[in-house]
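Peer 1: This structure is in structure tokens; I'll ask about it shortly.
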Amino acid sequence: MQVLILDQDEVNRLLPMEGCMDAMRDALAALARGDALMPLRTIVWLPDHSGGLAAMPSVLPAAGALGIKVITVFPGNLGTEFDSHQGAVLLFEGGHGRLLAIMDATEITAIRTAAVSGVATQLLARRDAGDLAILGSGTQARTHLEAMLVARPIRRVRVWSRTQERADPFATRESKRHGISIEVASTAKDAVDGADLVCTTTSSGHPVLFGEWLRPGAHVNAIGAVGPENRELDSDAIARARVYVDRRESAENEAGEIIQARQEGVIGEGHVVAEIGQVIAGTAPGRGDDEEITVFRGLGLAIEDLAAARFVYQRAIEAAVGVRVELGGGRHED
């Protein structure tokens, strides 16, 4: 049977940020309603923890779609020619279990992660928010900038990175790409000073954003440093904020900010307000007033990969792009 193969450039062209945000809204609402099946991801780490192999399966029964993302995670690739997340998303149909497509996972991960933050920003940030700070200057910084430009009318952008050598090219490249002026901050604190939108997109295992820096009414999207021992935000930032997550079960097992703040006794068991899908579905409240600080802690979910892959596959069929290969799957008579 024929399988459609889509490379990184094709995925990028077929998955525009605004369209991906719409797909993420639908997927997260389905998850909140109980209309999606998704176990926790499985990660097998190398003995020295320099990298690992992750598998993320999910099913949308009503859509007749099954999928799995299989990737390697190598945080040490930061600053090299290789992305930290590499692999493929496999899309299957639910009637006979046929493999429909194999597509690059690097670009799907980059775009869908930022798209979910974009949706969270639309739901939780102040209407007049537009002063943006980005901590980090890698792939997720690039896609989060794009998502924030869709989510809110951005009037100012500052970026900070642990190395000036990475922040400067990011600011130059993305300023030209989007026709905006991006300032390079010398410290993370300087970048965040006065910002009402903050995106933390680093691989740091230690806090790069502190609660005392956040102005009243700020909204934070925290998406880096996955794992109970890692965190980008300190406990004060979590304690001061109304906290939302993509999935409670994932946050309880993988969100270091929440796990460590709870262990320190800074927050209680009920500190997380809701899953963002519940806010989309109208079953949980969003921001209460303009002075509240809100935090969306995204871990990245398999259902997001499946929804993105379905979107890409449908557009690829319409545009007649990609390469088809015979991969088997049919029954052979003896």
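A note on labels: chains of the structure tokens are A, B, ... as shown, every chain counts residues from 1, and ligands are counted from 1 in their shown order.
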Which residues are near Ala218 in chain A? Cut-off 9 Å, only C-alpha atoms, ignore same chain within fewer than 4 positions. Put them as number ranges by chain.

Peer 2: A: 125-126, 129, 194-198, 214, 290-295

Peer 1: Any chance you could list, as a VMD selection string, the residues in range 67-155 of chain A that come up helix (DSSP H, G or I) when DSSP is run on the backbone?

Peer 2: chain A and resid 75 to 77 105 to 124 139 to 151

Peer 1: Those same residues - N, CA and C atoms - I'd like them written as a tab-separated table (two decimals), in the first residue's frame.

Peer 2:
```tsv
chain	number	residue	atom	x	y	z
A	75	PRO	N	18.91	17.67	24.18
A	75	PRO	CA	19.03	19.08	24.53
A	75	PRO	C	20.38	19.68	24.18
A	76	GLY	N	21.42	18.85	24.18
A	76	GLY	CA	22.76	19.34	23.86
A	76	GLY	C	22.95	19.78	22.42
A	77	ASN	N	21.94	19.55	21.58
A	77	ASN	CA	22.04	19.99	20.19
A	77	ASN	C	21.90	21.50	20.04
A	105	ALA	N	8.77	15.29	12.08
A	105	ALA	CA	8.25	15.68	13.39
A	105	ALA	C	8.86	16.96	13.93
A	106	THR	N	10.05	17.32	13.45
A	106	THR	CA	10.71	18.51	13.95
A	106	THR	C	9.85	19.74	13.75
A	107	GLU	N	9.33	19.89	12.53
A	107	GLU	CA	8.54	21.08	12.22
A	107	GLU	C	7.16	21.02	12.87
A	108	ILE	N	6.57	19.84	12.92
A	108	ILE	CA	5.28	19.71	13.60
A	108	ILE	C	5.43	20.10	15.07
A	109	THR	N	6.46	19.61	15.73
A	109	THR	CA	6.69	19.94	17.13
A	109	THR	C	6.89	21.44	17.31
A	110	ALA	N	7.69	22.03	16.45
A	110	ALA	CA	8.00	23.46	16.56
A	110	ALA	C	6.75	24.31	16.42
A	111	ILE	N	5.91	23.98	15.44
A	111	ILE	CA	4.75	24.82	15.14
A	111	ILE	C	3.61	24.55	16.11
A	112	ARG	N	3.29	23.28	16.37
A	112	ARG	CA	2.13	23.00	17.23
A	112	ARG	C	2.36	23.45	18.66
A	113	THR	N	3.60	23.40	19.15
A	113	THR	CA	3.88	23.85	20.51
A	113	THR	C	3.57	25.33	20.66
A	114	ALA	N	4.06	26.11	19.70
A	114	ALA	CA	3.81	27.55	19.72
A	114	ALA	C	2.34	27.85	19.48
A	115	ALA	N	1.69	27.06	18.64
A	115	ALA	CA	0.27	27.28	18.35
A	115	ALA	C	-0.57	27.12	19.61
A	116	VAL	N	-0.25	26.13	20.43
A	116	VAL	CA	-0.98	25.94	21.69
A	116	VAL	C	-0.75	27.14	22.62
A	117	SER	N	0.47	27.64	22.68
A	117	SER	CA	0.74	28.85	23.47
A	117	SER	C	-0.04	30.04	22.91
A	118	GLY	N	-0.17	30.07	21.58
A	118	GLY	CA	-0.96	31.13	20.97
A	118	GLY	C	-2.41	31.08	21.39
A	119	VAL	N	-2.97	29.87	21.42
A	119	VAL	CA	-4.35	29.70	21.86
A	119	VAL	C	-4.48	30.10	23.33
A	120	ALA	N	-3.53	29.67	24.16
A	120	ALA	CA	-3.57	30.03	25.59
A	120	ALA	C	-3.49	31.54	25.76
A	121	THR	N	-2.70	32.19	24.94
A	121	THR	CA	-2.57	33.65	25.01
A	121	THR	C	-3.88	34.33	24.64
A	122	GLN	N	-4.54	33.84	23.60
A	122	GLN	CA	-5.83	34.40	23.22
A	122	GLN	C	-6.86	34.26	24.35
A	123	LEU	N	-6.77	33.17	25.10
A	123	LEU	CA	-7.74	32.90	26.16
A	123	LEU	C	-7.41	33.60	27.48
A	124	LEU	N	-6.13	33.78	27.78
A	124	LEU	CA	-5.73	34.19	29.11
A	124	LEU	C	-5.09	35.57	29.21
A	139	THR	N	14.58	27.43	18.15
A	139	THR	CA	13.43	27.13	17.30
A	139	THR	C	12.12	27.57	17.94
A	140	GLN	N	11.93	27.27	19.22
A	140	GLN	CA	10.68	27.63	19.87
A	140	GLN	C	10.53	29.13	20.06
A	141	ALA	N	11.63	29.84	20.20
A	141	ALA	CA	11.56	31.30	20.25
A	141	ALA	C	11.03	31.83	18.92
A	142	ARG	N	11.51	31.26	17.83
A	142	ARG	CA	11.07	31.68	16.49
A	142	ARG	C	9.59	31.44	16.30
A	143	THR	N	9.11	30.24	16.61
A	143	THR	CA	7.70	29.94	16.37
A	143	THR	C	6.79	30.62	17.38
A	144	HIS	N	7.28	30.84	18.60
A	144	HIS	CA	6.46	31.55	19.58
A	144	HIS	C	6.29	33.02	19.20
A	145	LEU	N	7.30	33.61	18.64
A	145	LEU	CA	7.14	34.98	18.13
A	145	LEU	C	6.02	35.02	17.10
A	146	GLU	N	6.03	34.07	16.18
A	146	GLU	CA	4.99	34.02	15.16
A	146	GLU	C	3.61	33.83	15.78
A	147	ALA	N	3.50	32.94	16.77
A	147	ALA	CA	2.21	32.70	17.40
A	147	ALA	C	1.72	33.92	18.17
A	148	MET	N	2.61	34.62	18.84
A	148	MET	CA	2.21	35.81	19.59
A	148	MET	C	1.74	36.91	18.65
A	149	LEU	N	2.33	37.01	17.47
A	149	LEU	CA	1.91	38.00	16.49
A	149	LEU	C	0.50	37.70	15.96
A	150	VAL	N	0.12	36.42	15.97
A	150	VAL	CA	-1.25	36.03	15.59
A	150	VAL	C	-2.21	36.30	16.75
A	151	ALA	N	-1.75	36.00	17.98
A	151	ALA	CA	-2.64	36.04	19.14
A	151	ALA	C	-2.98	37.44	19.62
```

Peer 1: Can you work out which one of A:Phe170, A:Trp160, A:Phe92, A:Tyr313 has the shortest atom-to-atom distance to Leu135 in chain A, counting only C-alpha atoms?

Peer 2: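 Smallest separation from Leu135 in chain A among the options: A:Trp160.
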
Peer 1: If you count only C-alpha atoms, which residues fall within 10 Å of range 255-265 of chain A, apart from same-chain ones fewer than 4 positions away, as a ChimeraX atom specification?

Peer 2: /A:205-207,222-239,243,245,248-251,269,271-272,297-299

Peer 1: Excluding same-chain residues fewer than 5 positions from Ser161 in chain A, what lies within 7 Å of it counting only C-alpha atoms, as number ranges by chain?

Peer 2: A: 135-137, 166-167

Peer 1: Identify which of the residues A:Arg155, A:Arg33, A:Leu100, A:Arg41 lies closest to Glu326 in chain A, counting only C-alpha atoms when measuring atom-to-atom distances.

Peer 2: A:Leu100

Peer 1: Restricting the calculation to only C-alpha atoms: of A:Leu306, A:Ala316, A:Val44, A:Val3, which residue gets closest to Pro61 in chain A?

Peer 2: A:Leu306

Peer 1: Residues near Trp45 in chain A, anyone? I mean within 10 Å using only C-alpha atoms, not counting same-chain ones fewer than 6 positions away, as a list in words.

Peer 2: Gly51, Gly52, Leu53, Ala54, Thr72, Val73 and Phe74 of chain A

Peer 1: I want to know what sits within 12 Å of Pro169 in chain A, based on only C-alpha atoms, with residues of the same chain fewer than 5 positions away left out; could you give that as a list in words?

Peer 2: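 My list of contacting residues is Ser137, Gly138, Arg142, Val159, Trp160, Ser161, Thr163, Gln164, Glu174, Ser175, Lys176, Ile182, Glu183 and Val184 of chain A.
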